[in-house]
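J.: Got a structure for you, questions after.
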Amino acid sequence: MKKISCNVIRDILPLYLDDAVSGDTKELVEEHLEICDACRMEADILGSNITLPTNRDVKFSDAKALKRLKGRFLRKKVVVSVLSIAAAIAVMTGTYAIMTLKKTYIPYDSTKIRIKKEDRQIYASYHGDNLAGTVLVHTTAAIDGEEEDVMIFGYYETPWSKYIEPIFKQFQDESGICGFGDWPELDRIYYAEFDLDSYLDSCSASTPPKEWDSEYMIERSELVWSR
Ligand SMILES: [Zn+2]
């Protein structure tokens, strides 16, 4: 058989490497490669470098990339949900705080605010809606040249007590029972017509704590009971 030239071998090499040649051709190529270093080198280069990824490989790496992407989206989704829950809690607690902390003083109304005396116990009660709480201060004040024992108190409402509580709380005819205790020496009871709570806070918040100014408070209060 005539010796096959290197050129012919190199023409066939790609087909040979793709395993797309007949058995006879394959034998011819292999015989040639055994004796021809140059062609063998060419075959090695072709065989190693030009390896196109098979479809399976591409699909596999695509799947892996997709999985990674999905994982990232999932993580992002979890972070977003955690953040939105935190935001919702913050909004709710913030709203609740605003609704319960914003005190509005209820002005004195003799039909709603009553002072009662039973034996030696004196107490106030509230007969109206929306009451949130009571602020009370016990002090002494110089009245008409005499030092008198004085109670000053105030009722307040909050947006919570005004708008939310009535939804689930039944109206009580009497609420805000504010006992002044057994004070045989108690001389006067005043109802605060100013923000008593903030005033007391401002006294204790200053350094050193400021003394309550009884006269200041009494001037801004309604006398509701006296001995
Ligand atoms: Zn050759």
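In the structure tokens, chains take the letters A, B, ... in the order shown, each chain's residues start at 1, and ligands count up from 1 in the order shown.
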If you run DSSP on this backbone, which residues of stretch 99-194 of chain A come out as strand (DSSP E or B), and could you give them as JSON, numbers by chain?
T.: {"A": [104, 105, 113, 114, 115, 116, 117, 118, 121, 122, 123, 124, 125, 126, 133, 134, 135, 136, 137, 138, 139, 140, 141, 142, 143, 146, 147, 148, 149, 150, 151, 152, 153, 154, 155, 156, 157, 175, 176, 177, 178, 179, 180, 181, 182, 186, 187, 188, 189, 190, 191, 192]}
J.: Within 10 Å of ligand 1, counting only C-alpha atoms and all ligand atoms, which protein or nucleic acid residues do you find, written as a ChimeraX atom specification?
T.: /A:4-10,29,32-42
J.: Write the selection just made, keeping C-alpha atoms, as an mmCIF file, in the first residue's frame?
T.:
data_model
loop_
_atom_site.group_PDB
_atom_site.id
_atom_site.type_symbol
_atom_site.label_atom_id
_atom_site.label_comp_id
_atom_site.auth_asym_id
_atom_site.auth_seq_id
_atom_site.Cartn_x
_atom_site.Cartn_y
_atom_site.Cartn_z
ATOM 1 C CA ILE A 4 -0.041 8.030 2.853
ATOM 2 C CA SER A 5 1.210 11.578 3.017
ATOM 3 C CA CYS A 6 1.074 13.671 6.171
ATOM 4 C CA ASN A 7 -1.280 16.091 4.406
ATOM 5 C CA VAL A 8 -3.856 13.392 3.832
ATOM 6 C CA ILE A 9 -3.568 12.230 7.446
ATOM 7 C CA ARG A 10 -4.059 15.780 8.701
ATOM 8 C CA VAL A 29 -4.244 6.829 10.609
ATOM 9 C CA HIS A 32 0.840 6.631 10.429
ATOM 10 C CA LEU A 33 0.745 8.217 13.845
ATOM 11 C CA GLU A 34 2.940 5.441 15.184
ATOM 12 C CA ILE A 35 5.725 6.360 12.843
ATOM 13 C CA CYS A 36 5.173 10.131 12.391
ATOM 14 C CA ASP A 37 6.011 12.325 15.327
ATOM 15 C CA ALA A 38 4.755 15.502 13.620
ATOM 16 C CA CYS A 39 1.314 14.109 12.906
ATOM 17 C CA ARG A 40 1.066 12.551 16.348
ATOM 18 C CA MET A 41 1.796 15.945 17.839
ATOM 19 C CA GLU A 42 -0.851 17.494 15.619
#
J.: Go through A:Pro14, A:Ser48, A:Val137, A:Gly176 one by one, measure the shortest atom-to-atom distance of each to A:Asp213 using only C-alpha atoms, and give the residue with the smallest value.
T.: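 Comparing A:Pro14, A:Ser48, A:Val137, A:Gly176 against A:Asp213, the winner is A:Val137.
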J.: Enter the distance from atom CA of A:Leu223 to atom CA of A:Leu101, in Å, rounded to one decimal.
T.: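 One can read the atom CA of A:Leu223 to atom CA of A:Leu101 distance as 27.1 Å.
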J.: Closest to A:Leu186 among A:Thr139, A:Ser204, A:Ile167, A:Ser214, using only C-alpha atoms?
T.: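 Counting only C-alpha atoms, the residue closest to A:Leu186 is A:Thr139.
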J.: Which of these, A:Leu83, A:Leu200, A:Ala192, A:Val21, has the shortest distance to A:Trp212 once you count only C-alpha atoms?
T.: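 Result for the nearest residue to A:Trp212: A:Leu200.
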J.: To one decimal place in Å, what is the distance between atom CA of A:Ile152 and atom CA of A:Ala132?
T.: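 Between these atoms lies a distance of 17.4 Å.
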